[in-house]
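Here is the file structure20.cif (mmCIF, C-alpha atoms).
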```cif
data_coords
#
loop_
_atom_site.label_atom_id
_atom_site.label_comp_id
_atom_site.auth_asym_id
_atom_site.auth_seq_id
_atom_site.Cartn_x
_atom_site.Cartn_y
_atom_site.Cartn_z
CA MET A 273 8.75 -61.85 12.90
CA SER A 274 9.63 -59.79 15.94
CA LEU A 275 10.80 -56.21 15.66
CA ILE A 276 14.40 -57.04 16.58
CA ALA A 277 14.60 -59.84 14.04
CA ALA A 278 13.12 -57.53 11.42
CA THR A 279 15.77 -54.85 12.04
CA ARG A 280 18.47 -57.55 11.96
CA SER A 281 17.44 -58.66 8.51
CA LEU A 282 17.14 -55.08 7.23
CA ILE A 283 19.69 -54.24 4.56
CA LEU A 284 20.73 -50.61 4.39
CA MET A 285 22.33 -48.79 1.49
CA GLY A 286 24.86 -46.10 2.25
CA ARG A 287 27.95 -44.32 1.11
CA CYS A 288 31.43 -45.04 2.45
CA VAL A 289 33.27 -42.02 3.87
CA PRO A 290 36.88 -41.70 5.05
CA SER A 291 37.58 -42.92 8.57
CA VAL A 292 40.57 -43.80 10.72
CA LYS A 293 39.36 -47.25 11.77
CA GLN A 294 41.48 -50.18 10.59
CA ASN A 295 39.08 -53.07 10.05
CA ALA A 296 35.84 -51.15 9.71
CA SER A 297 34.37 -48.68 7.25
CA LYS A 298 32.30 -45.66 8.10
CA ILE A 299 29.03 -45.72 6.20
CA ILE A 300 26.62 -42.82 5.96
CA VAL A 301 23.00 -43.71 5.30
CA LYS A 302 20.79 -40.89 4.14
CA LYS A 303 17.28 -40.90 5.56
CA LEU A 304 14.31 -38.58 5.41
CA GLU A 305 12.98 -37.03 8.58
CA LEU A 306 9.59 -35.31 8.84
CA ASP A 307 9.55 -31.86 10.35
CA GLN A 308 6.20 -31.69 12.15
CA ASN A 309 6.05 -27.89 12.07
CA LEU A 310 6.73 -27.45 8.38
CA LEU A 311 5.31 -30.84 7.32
CA MET A 312 8.32 -31.30 5.11
CA TYR A 313 10.90 -34.02 4.84
CA PHE A 314 14.55 -33.16 5.38
CA ASN A 315 17.67 -35.21 4.79
CA LYS A 316 19.20 -36.80 7.82
CA ASP A 317 22.51 -38.65 7.84
CA GLU A 318 22.98 -41.67 10.05
CA VAL A 319 26.47 -43.01 10.68
CA TYR A 320 27.19 -46.72 10.93
CA TYR A 321 30.50 -48.50 11.35
CA ALA A 322 30.52 -51.68 9.31
CA HIS A 323 32.95 -54.54 9.83
CA ASP A 324 35.13 -54.86 6.75
CA PRO A 325 38.38 -56.77 7.42
CA GLU A 326 39.22 -57.24 3.71
CA GLN A 327 38.86 -53.51 2.96
CA GLN A 328 36.50 -54.23 0.09
CA CYS A 329 34.82 -50.82 0.08
CA LYS A 330 36.75 -47.65 -0.63
CA THR A 331 35.91 -44.02 0.02
CA GLY A 332 32.85 -42.93 -1.95
CA ASP A 333 31.52 -46.39 -2.82
CA VAL A 334 27.82 -47.14 -2.43
CA VAL A 335 27.51 -50.31 -0.33
CA LEU A 336 24.95 -52.57 1.31
CA ILE A 337 25.25 -53.16 5.05
CA GLN A 338 23.48 -55.46 7.49
CA GLU A 339 23.36 -55.56 11.26
CA LEU A 340 25.57 -58.15 12.95
CA PRO A 341 23.97 -60.72 15.30
CA GLU A 342 26.25 -59.37 18.05
CA LYS A 343 28.01 -56.05 18.38
CA LEU A 344 31.74 -56.37 17.67
CA THR A 345 32.65 -53.24 19.59
CA THR A 346 30.59 -50.35 20.89
CA TYR A 347 30.72 -48.73 17.46
CA ILE A 348 30.97 -51.60 14.97
CA THR A 349 27.42 -52.89 14.68
CA HIS A 350 27.09 -53.76 11.00
CA LYS A 351 28.91 -55.69 8.31
CA VAL A 352 29.51 -54.86 4.66
CA LEU A 353 27.58 -57.18 2.36
CA LYS A 354 28.40 -55.93 -1.10
CA VAL A 355 29.75 -52.97 -3.02
CA VAL A 356 26.90 -51.93 -5.30
CA TYR A 357 28.35 -48.91 -7.10
CA PRO A 358 32.11 -48.34 -6.88
CA LEU A 359 32.92 -44.63 -7.07
CA GLY A 360 33.69 -43.53 -10.61
CA ASP A 361 33.06 -46.96 -12.10
CA VAL A 362 29.27 -47.27 -12.15
CA THR A 363 27.54 -49.89 -14.26
CA ASP A 364 23.98 -49.15 -15.32
CA PRO A 365 21.88 -52.03 -13.89
CA ILE A 366 19.35 -51.90 -16.74
CA THR A 367 21.59 -51.80 -19.80
CA ASN A 368 24.73 -53.26 -18.14
CA LYS A 369 26.83 -50.49 -19.71
CA LYS A 370 29.51 -48.41 -18.00
CA VAL A 371 28.35 -44.92 -17.16
CA ALA A 372 30.58 -41.96 -18.12
CA GLY A 373 28.54 -39.25 -16.41
CA LEU A 374 25.44 -37.17 -16.70
CA ARG A 375 24.83 -34.64 -19.42
CA CYS A 376 21.68 -32.47 -19.33
CA GLY A 377 20.07 -34.89 -16.89
CA SER A 378 20.44 -37.98 -19.06
CA VAL A 379 22.98 -40.75 -18.67
CA ARG A 380 26.01 -40.73 -20.95
CA TYR A 381 27.62 -44.11 -21.51
CA ARG A 382 31.29 -44.72 -22.13
CA ASP A 383 30.37 -46.56 -25.31
CA ASP A 384 28.73 -43.41 -26.70
CA LEU A 385 31.86 -41.35 -26.08
CA ASP A 386 33.97 -44.10 -27.57
CA GLU A 387 31.79 -44.10 -30.68
CA ILE A 388 32.38 -40.36 -31.16
CA ASP A 389 36.13 -40.91 -30.78
CA GLN A 390 36.06 -43.66 -33.38
CA LEU A 391 34.34 -41.30 -35.83
CA TYR A 392 36.93 -38.55 -35.44
CA GLY A 393 39.82 -40.98 -35.22
CA PRO A 394 41.19 -42.02 -31.84
CA THR A 395 44.66 -40.89 -30.79
CA LYS A 396 47.44 -43.12 -29.49
CA GLU A 397 47.69 -41.31 -26.17
CA ARG A 398 44.01 -41.62 -25.26
CA PHE A 399 42.95 -43.32 -22.05
CA ASP A 400 42.49 -47.05 -22.47
CA TYR A 401 40.10 -48.71 -20.02
CA LYS A 402 41.34 -52.23 -20.75
CA SER A 403 44.96 -51.63 -19.81
CA ALA A 404 44.12 -49.22 -16.96
CA PRO A 405 45.13 -50.37 -13.47
CA GLU A 406 42.56 -50.76 -10.69
CA ARG A 407 41.56 -47.77 -8.60
CA GLY A 408 44.04 -46.93 -5.87
CA TRP A 409 47.41 -46.95 -7.65
CA GLN A 410 47.84 -43.20 -7.04
CA GLU A 411 46.76 -43.38 -3.39
CA ASP A 412 49.16 -41.47 -1.11
CA ASN A 413 51.17 -40.64 -4.21
CA LYS A 414 49.20 -37.98 -6.08
CA ASP A 415 45.66 -38.65 -4.99
CA PHE A 416 44.95 -37.99 -1.32
CA SER A 417 41.17 -38.06 -1.49
CA HIS A 418 40.70 -41.40 0.27
CA LYS A 419 41.36 -39.70 3.63
CA ASP A 420 40.01 -36.51 5.17
CA SER A 421 42.24 -33.51 4.58
CA TYR A 422 42.74 -30.74 7.11
CA ILE A 423 44.24 -27.28 7.17
CA LYS A 424 47.84 -27.41 8.34
CA TYR A 425 48.04 -25.99 11.86
CA HIS A 426 51.57 -26.97 12.90
CA GLU A 427 54.96 -27.10 11.22
CA SER A 428 56.39 -30.25 12.72
CA GLY A 429 59.24 -30.78 10.27
CA GLU A 430 57.77 -34.12 9.26
CA GLU A 431 55.74 -34.50 6.10
CA GLN A 432 51.99 -34.30 6.64
CA PRO A 433 50.49 -35.84 3.49
CA TYR A 434 46.84 -35.10 4.27
CA SER A 435 47.34 -31.48 5.26
CA VAL A 436 46.47 -28.56 3.02
CA PRO A 437 48.40 -25.28 3.38
CA ARG A 438 46.31 -22.49 4.83
CA MET B 88 67.67 -7.50 32.95
CA ILE B 89 64.44 -8.92 34.32
CA ALA B 90 65.69 -12.25 35.61
CA PRO B 91 67.74 -10.92 38.55
CA PHE B 92 64.85 -8.59 39.45
CA ARG B 93 62.47 -11.47 39.55
CA SER B 94 64.71 -13.45 41.85
CA ILE B 95 64.88 -10.48 44.22
CA ILE B 96 61.11 -10.14 44.22
CA ARG B 97 60.56 -13.87 44.72
CA THR B 98 62.88 -13.93 47.72
CA GLY B 99 60.97 -11.02 49.20
CA ASN B 100 57.72 -13.07 49.36
CA CYS B 101 55.95 -10.88 46.77
CA VAL B 102 55.38 -13.41 44.04
CA ASN B 103 52.97 -11.89 41.53
CA LEU B 104 54.36 -8.41 41.34
CA LEU B 105 56.12 -8.83 38.02
CA PHE B 106 53.93 -9.90 35.10
CA THR B 107 55.19 -11.18 31.79
CA ARG B 108 52.90 -10.92 28.82
CA SER B 109 53.86 -13.96 26.76
CA LEU B 110 52.62 -17.43 27.53
CA LYS B 111 55.01 -19.30 29.80
CA SER B 112 54.48 -22.93 29.03
CA ASP B 113 56.42 -25.73 30.70
CA LEU B 114 55.09 -28.30 28.23
CA HIS B 115 57.44 -30.27 26.01
CA ILE B 116 55.65 -28.93 22.97
CA LYS B 117 56.68 -26.14 20.70
CA TRP B 118 54.15 -24.81 18.27
CA VAL B 119 55.40 -23.44 14.97
CA ARG B 120 52.86 -21.45 12.99
CA PRO B 121 52.80 -22.77 9.40
CA GLU B 122 53.78 -20.30 6.77
CA LYS B 123 50.93 -18.66 4.85
CA ILE B 124 50.96 -19.76 1.20
CA SER B 125 49.31 -17.57 -1.41
CA CYS B 126 46.32 -18.88 -3.32
CA TRP B 127 48.15 -18.79 -6.65
CA ASP B 128 51.21 -20.69 -5.44
CA ALA B 129 52.03 -24.06 -6.99
CA LYS B 130 52.18 -25.63 -3.52
CA LYS B 131 48.51 -24.81 -3.09
CA SER B 132 47.28 -25.43 -6.62
CA GLY B 133 48.91 -28.87 -6.70
CA ASP B 134 51.08 -28.42 -9.78
CA LEU B 135 54.14 -30.56 -9.21
CA THR B 136 56.02 -29.43 -12.33
CA PRO B 137 56.25 -25.74 -13.28
CA LEU B 138 56.04 -24.29 -16.77
CA SER B 139 58.72 -25.81 -18.97
CA GLU B 140 61.22 -23.59 -20.76
CA LEU B 141 59.42 -22.02 -23.75
CA ASP B 142 61.19 -22.46 -27.08
CA MET B 143 60.94 -18.96 -28.61
CA THR B 144 62.59 -19.89 -31.92
CA GLU B 145 59.66 -22.13 -32.94
CA PHE B 146 56.80 -20.94 -35.18
CA PRO B 147 53.33 -20.24 -33.79
CA LEU B 148 50.63 -22.91 -33.98
CA GLU B 149 49.07 -21.76 -37.27
CA TYR B 150 52.40 -21.79 -39.13
CA ARG B 151 53.89 -24.92 -37.66
CA ASN B 152 52.99 -27.12 -40.66
CA SER B 153 53.75 -24.50 -43.30
CA GLU B 154 55.92 -25.83 -46.12
CA GLU B 155 56.78 -22.33 -47.37
CA LEU B 156 58.27 -21.27 -44.04
CA LYS B 157 60.51 -24.33 -43.92
CA THR B 158 62.19 -23.28 -47.17
CA ALA B 159 61.98 -19.52 -46.51
CA ASN B 160 64.91 -17.25 -45.99
CA GLU B 161 66.51 -16.78 -42.59
CA TYR B 162 65.06 -13.33 -41.90
CA VAL B 163 61.50 -14.37 -42.77
CA ARG B 164 61.84 -17.34 -40.44
CA LYS B 165 63.06 -15.02 -37.72
CA VAL B 166 60.13 -12.64 -38.17
CA PHE B 167 57.64 -15.52 -38.04
CA SER B 168 59.17 -17.07 -34.90
CA CYS B 169 57.52 -16.78 -31.46
CA ASN B 170 60.29 -14.41 -30.43
CA PHE B 171 59.00 -11.78 -32.86
CA MET B 172 55.30 -12.69 -32.78
CA GLY B 173 55.06 -12.58 -28.97
CA ARG B 174 55.26 -14.80 -25.92
CA ARG B 175 51.59 -15.71 -26.04
CA PHE B 176 52.16 -17.73 -29.21
CA ALA B 177 54.78 -19.77 -27.38
CA THR B 178 52.35 -20.41 -24.52
CA GLN B 179 49.71 -21.47 -27.03
CA ARG B 180 52.17 -24.03 -28.31
CA PHE B 181 52.81 -25.23 -24.77
CA ARG B 182 49.06 -25.57 -24.17
CA GLN B 183 48.62 -27.57 -27.35
CA GLU B 184 51.48 -29.90 -26.38
CA LEU B 185 49.82 -30.57 -23.02
CA ILE B 186 46.45 -31.18 -24.69
CA ASP B 187 48.02 -33.54 -27.22
CA LYS B 188 49.24 -35.67 -24.33
CA VAL B 189 45.70 -36.47 -23.15
CA LYS B 190 43.18 -35.85 -25.93
CA SER B 191 41.03 -38.81 -26.93
CA ASN B 192 40.35 -37.97 -30.59
CA SER B 193 42.15 -35.79 -33.08
CA LEU B 194 39.55 -32.98 -32.92
CA ASP B 195 38.87 -33.27 -29.20
CA SER B 196 38.32 -29.92 -27.49
CA THR B 197 35.40 -30.57 -25.16
CA SER B 198 36.26 -33.67 -23.17
CA CYS B 199 36.96 -33.34 -19.46
CA GLU B 200 40.62 -34.27 -19.71
CA VAL B 201 41.30 -31.75 -22.48
CA GLN B 202 39.64 -28.96 -20.52
CA ILE B 203 41.68 -29.79 -17.43
CA ALA B 204 44.89 -29.96 -19.47
CA SER B 205 44.13 -26.58 -21.05
CA MET B 206 43.48 -25.02 -17.65
CA THR B 207 46.68 -26.56 -16.32
CA ALA B 208 48.70 -24.94 -19.11
CA ASN B 209 47.07 -21.56 -18.39
CA ILE B 210 47.71 -21.90 -14.66
CA ARG B 211 51.38 -22.74 -15.10
CA ASN B 212 51.84 -19.86 -17.49
CA LEU B 213 50.09 -17.35 -15.19
CA GLN B 214 52.05 -18.55 -12.17
CA GLU B 215 55.28 -17.67 -13.95
CA HIS B 216 53.76 -14.38 -15.11
CA TYR B 217 52.67 -13.40 -11.61
CA LYS B 218 56.13 -14.05 -10.23
CA LEU B 219 57.51 -11.53 -12.75
CA PHE B 220 54.68 -9.01 -12.36
CA PRO B 221 53.37 -9.22 -8.80
CA ARG B 222 51.34 -6.02 -9.19
CA ASP B 223 49.23 -7.42 -12.01
CA LYS B 224 46.19 -8.08 -9.85
CA SER B 225 43.79 -8.91 -12.67
CA SER B 226 45.97 -11.83 -13.74
CA LYS B 227 46.10 -12.96 -10.12
CA ILE B 228 42.31 -13.00 -9.96
CA ALA B 229 42.11 -14.90 -13.23
CA LEU B 230 44.69 -17.37 -11.93
CA LYS B 231 42.78 -17.99 -8.71
CA GLU B 232 39.57 -18.50 -10.63
CA ILE B 233 41.10 -21.02 -13.03
CA ILE B 234 42.70 -22.95 -10.17
CA ASP B 235 39.34 -23.28 -8.42
CA LYS B 236 37.61 -24.19 -11.66
CA ARG B 237 40.14 -26.92 -12.41
CA LYS B 238 39.75 -28.30 -8.92
CA LYS B 239 35.99 -28.47 -9.42
CA ARG B 240 36.47 -30.25 -12.76
CA LEU B 241 38.82 -32.75 -11.12
CA LYS B 242 36.25 -33.32 -8.38
CA PHE B 243 33.58 -34.13 -10.96
CA LEU B 244 35.89 -36.36 -12.99
CA ARG B 245 36.73 -38.27 -9.82
CA THR B 246 33.08 -39.14 -9.21
CA TRP B 247 32.43 -40.01 -12.86
CA ASP B 248 35.53 -41.89 -13.81
CA TYR B 249 38.03 -42.71 -11.09
CA LYS B 250 40.48 -44.60 -13.32
CA LYS B 251 40.68 -41.75 -15.80
CA PHE B 252 41.09 -39.29 -12.93
CA GLU B 253 44.14 -41.15 -11.63
CA TRP B 254 45.58 -41.47 -15.12
CA LEU B 255 45.14 -37.72 -15.67
CA LEU B 256 46.88 -36.88 -12.37
CA GLU B 257 49.83 -38.95 -13.53
CA LYS B 258 49.87 -37.46 -17.05
CA LEU B 259 49.63 -33.82 -15.97
CA ASP B 260 51.65 -34.31 -12.78
CA LEU B 261 49.05 -32.89 -10.42
CA LYS B 262 48.31 -33.51 -6.76
CA TYR B 263 44.71 -33.72 -5.57
CA HIS B 264 43.46 -33.09 -2.05
CA PRO B 265 39.76 -33.02 -1.17
CA HIS B 266 38.49 -29.70 0.14
CA PRO B 267 39.14 -29.44 3.89
CA THR B 268 36.67 -28.02 6.39
CA TYR B 269 37.66 -24.43 6.95
CA GLU B 270 39.12 -23.37 10.28
CA ARG B 271 41.36 -20.58 11.47
CA VAL B 272 44.88 -21.50 12.49
CA GLU B 273 45.07 -20.42 16.14
CA ARG B 274 47.75 -20.76 18.76
CA LYS B 275 45.58 -22.02 21.58
CA LYS B 276 43.61 -24.49 19.48
CA SER B 277 46.78 -25.90 17.91
CA LEU B 278 48.50 -26.18 21.29
CA ARG B 279 45.52 -28.04 22.72
CA ARG B 280 45.57 -30.47 19.83
CA LEU B 281 49.32 -31.01 20.09
CA THR B 282 49.02 -31.54 23.85
CA SER B 283 46.36 -34.19 23.46
CA GLN B 284 48.49 -35.91 20.80
CA TRP B 285 51.48 -35.83 23.11
CA CYS B 286 49.42 -37.24 26.01
CA GLU B 287 48.22 -40.05 23.76
CA LYS B 288 51.82 -40.80 22.79
CA VAL B 289 52.95 -40.92 26.43
CA ARG B 290 50.02 -43.18 27.33
CA GLU B 291 50.84 -45.61 24.54
CA GLN B 292 54.50 -45.62 25.48
CA LYS B 293 53.73 -46.44 29.11
CA LEU B 294 51.27 -49.17 28.13
CA ALA B 295 53.86 -50.73 25.81
CA GLU B 296 56.47 -50.67 28.57
CA TYR B 297 54.06 -52.32 30.99
CA ARG B 298 53.12 -54.96 28.42
CA ASP B 299 56.80 -55.75 27.87
CA LYS B 300 57.36 -56.05 31.60
CA LEU B 301 54.47 -58.50 32.01
CA ASN B 302 55.59 -60.51 29.00
CA ASN B 303 59.07 -60.84 30.47
CA GLU B 304 57.60 -62.23 33.67
CA LYS B 305 55.50 -64.76 31.77
CA GLU B 306 58.25 -67.36 31.25
CA ILE B 307 59.19 -67.40 34.94
CA PHE B 308 55.54 -67.77 35.86
CA PHE B 309 54.94 -70.70 33.50
CA LYS B 310 58.06 -72.44 34.83
CA GLU B 311 56.95 -71.95 38.42
CA LYS B 312 53.49 -73.23 37.57
CA LEU B 313 54.90 -76.44 36.06
CA GLU B 314 57.23 -77.06 38.98
CA SER B 315 54.60 -76.45 41.64
CA LEU B 316 52.08 -78.70 39.86
CA GLU B 317 54.65 -81.51 39.79
CA TRP B 318 55.48 -80.91 43.44
CA ILE B 319 51.81 -80.97 44.52
CA LYS B 320 51.24 -84.22 42.67
CA LYS B 321 54.28 -85.81 44.31
CA GLU B 322 53.23 -84.65 47.77
CA GLU B 323 49.69 -85.94 47.30
CA ILE B 324 50.97 -89.39 46.36
CA GLU B 325 53.35 -89.46 49.32
CA CYS B 326 50.71 -88.37 51.84
CA GLY B 327 48.03 -90.63 50.39
CA ALA B 328 45.60 -87.77 49.87
CA PRO B 329 42.99 -87.82 47.04
CA GLN B 330 44.62 -86.75 43.79
CA THR B 331 43.56 -83.36 42.41
CA ILE B 332 46.25 -82.94 39.75
CA THR B 333 46.14 -85.14 36.67
CA ASP B 334 48.88 -85.82 34.14
CA ALA B 335 46.92 -83.83 31.58
CA ASP B 336 47.20 -80.68 33.73
CA ILE B 337 50.97 -81.01 33.92
CA GLU B 338 51.19 -81.75 30.22
CA ALA B 339 49.09 -78.63 29.44
CA ALA B 340 51.34 -76.48 31.62
CA ARG B 341 54.45 -77.84 29.88
CA LYS B 342 52.91 -77.22 26.49
CA GLN B 343 52.05 -73.63 27.50
CA LEU B 344 55.69 -73.03 28.49
CA GLU B 345 57.04 -74.52 25.28
CA GLU B 346 54.61 -72.53 23.13
CA TRP B 347 55.58 -69.30 24.84
CA ARG B 348 59.30 -70.04 24.34
CA ALA B 349 58.71 -70.81 20.66
CA LEU B 350 56.74 -67.57 20.23
CA LYS B 351 59.50 -65.59 21.91
CA SER B 352 62.25 -67.09 19.77
CA ASN B 353 60.16 -66.46 16.64
CA LYS B 354 59.81 -62.80 17.54
CA GLU B 355 63.54 -62.42 18.09
#
```
Re-express the file's structure as structure tokens.
Amino acid sequence: MSLIAATRSLILMGRCVPSVKQNASKIIVKKLELDQNLLMYFNKDEVYYAHDPEQQCKTGDVVLIQELPEKLTTYITHKVLKVVYPLGDVTDPITNKKVAGLRCGSVRYRDDLDEIDQLYGPTKERFDYKSAPERGWQEDNKDFSHKDSYIKYHESGEEQPYSVPR
Amino acid sequence: MIAPFRSIIRTGNCVNLLFTRSLKSDLHIKWVRPEKISCWDAKKSGDLTPLSELDMTEFPLEYRNSEELKTANEYVRKVFSCNFMGRRFATQRFRQELIDKVKSNSLDSTSCEVQIASMTANIRNLQEHYKLFPRDKSSKIALKEIIDKRKKRLKFLRTWDYKKFEWLLEKLDLKYHPHPTYERVERKKSLRRLTSQWCEKVREQKLAEYRDKLNNEKEIFFKEKLESLEWIKKEEIECGAPQTITDADIEAARKQLEEWRALKSNKE
């Protein structure tokens, strides 16, 4: 296999970050770079724009991307293959359980927390995962984290939803 | 006063004699500096609803289920109410009400949502307090610290459990913005940004106008194309020259014209 064909078939794993592009997502792939003077590896971010017309990956998701046979535009060189870990809804690949977070370096599952609640007696008002809507129902309403925010520099009279007062 | 002077100087061929200090811009842009909002303000902390009216006639938390107080005499009830015990007992009640909205089990005090709800109650209470006592700096510091702490908690909850995060924003009526990259608000920088935005707007407007103009000419062009093709074909037959135009070409041109007309009528 030639070098070009090898890079074509390479699948990269990266994290989706907010961008202004309509049919593409901005993916940041973290790589390690050797510093020859210190002989130490340092993190290095590489930015790729992946074609994603169906908007399947959202900000913060961990996704797999692959290089397109032809460049779509000067920037869009890759395509999104699959969303591996959606942000805030991670499934453990070994046990197939939903992850609630990390506590003291070990994984805490949602089932474990649910078990504790069952022991103490669950309340009516508690959060129910089954009836919960999909991620994104508070977008542009109360949650503005899917886009980059900026410090407000001009009072235009119009509402600037992504601005933060200085 | 200065304007007539300036005109006199200008007419006398001495242009740069009179300086004015402020920036004289002939751009169509006016920059308005956004108002500075304090760190403790609800606009910055993201609390959409303020502290609700505290009911001072209620009993404090520890006496709320007491059977004896319910049947006690009027004066005892008055002494044991929040009004006599102090405002902090009323705020404790408010905090408990907010926690009861989100807690996942009856003895829950450690879960993420309960901690955020508790902080929210404290923040709303301190915001009201600071409005009344603006010289109480220690409470201001505490308020700022809790706001930042809650924001950090919300940030963690977002990465752990996005659905719960959104549900909590709805329940507690909070607004969440990610942390922006810090920059000073400056006149020149803002004006440059606004100018480039305005230029972009003008460019897009001109491009749209030009596109409209070309689209309006399209129908006339297609018509002319069809007519001239028919004419060429007729002439070639009359002169006996070898035929270069086929029926398919004419049919394609007619189809193009019809398609464009259909598209135009659809748009209208």
Check your understanding: Hey, what comes out of the PyMOL selection byres ((chain A) within 9 of (chain B)) on this file? Could you write it as a VMD selection string?
Key -> chain A and resid 332 359 to 362 371 to 374 386 388 to 401 404 to 411 413 to 428 434 to 438
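Using only C-alpha atoms, the nearest neighbour of Lys302 in chain A within the list A:Val334, A:Gln327, A:Ala322, A:Tyr357 is A:Val334.
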Exercise for review: Taking the file as shown, find all residues satisfying the PyMOL selection byres ((chain B and resi 206) around 12) and write them as an MDAnalysis selection string.
Suggested key: chainID B and resid 132 134 179 181:183 185:186 199:205 207:213 229:241 259
Where's the centre, and what are the edge lengths in Å to one decimal, of a box along x, y and z enclosing all listed atoms of range 385-389 of chain A padded 6 Å per side, as JSON?
```
{"center_x": 34.0, "center_y": -42.2, "center_z": -28.6, "size_x": 16.3, "size_y": 15.7, "size_z": 17.1}
```
Exercise for review: Might you spell out which residues the PyMOL selection byres ((chain B and resi 168-171) around 12) would select in the displayed file, as a PyMOL selection string?
Suggested key: chain B and resi 141-151+156-157+161-167+172-181
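Shortest atom-to-atom contact with His323 in chain A among A:Lys298, A:Lys351, A:Arg382, A:Lys402: A:Lys351, counting all atoms listed in the file.
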Check your understanding: Do you know which residues are at most 12 Å from Ile319 in chain B counting all atoms listed in the file, after dropping those on the same chain fewer than 3 positions away, and could you put them as a PyMOL selection string?
Key -> chain B and resi 312-316+322-334+336-337
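The list of residues with at least one atom within 10 Å of range 290-306 of chain B, based on only C-alpha atoms and without residues fewer than 3 positions apart in the same chain, reads Gln284, Trp285, Cys286, Glu287, Phe309, Lys310, Glu311, Lys312, Gln343, Leu344, Glu345, Trp347, Arg348 and Lys351 of chain B.
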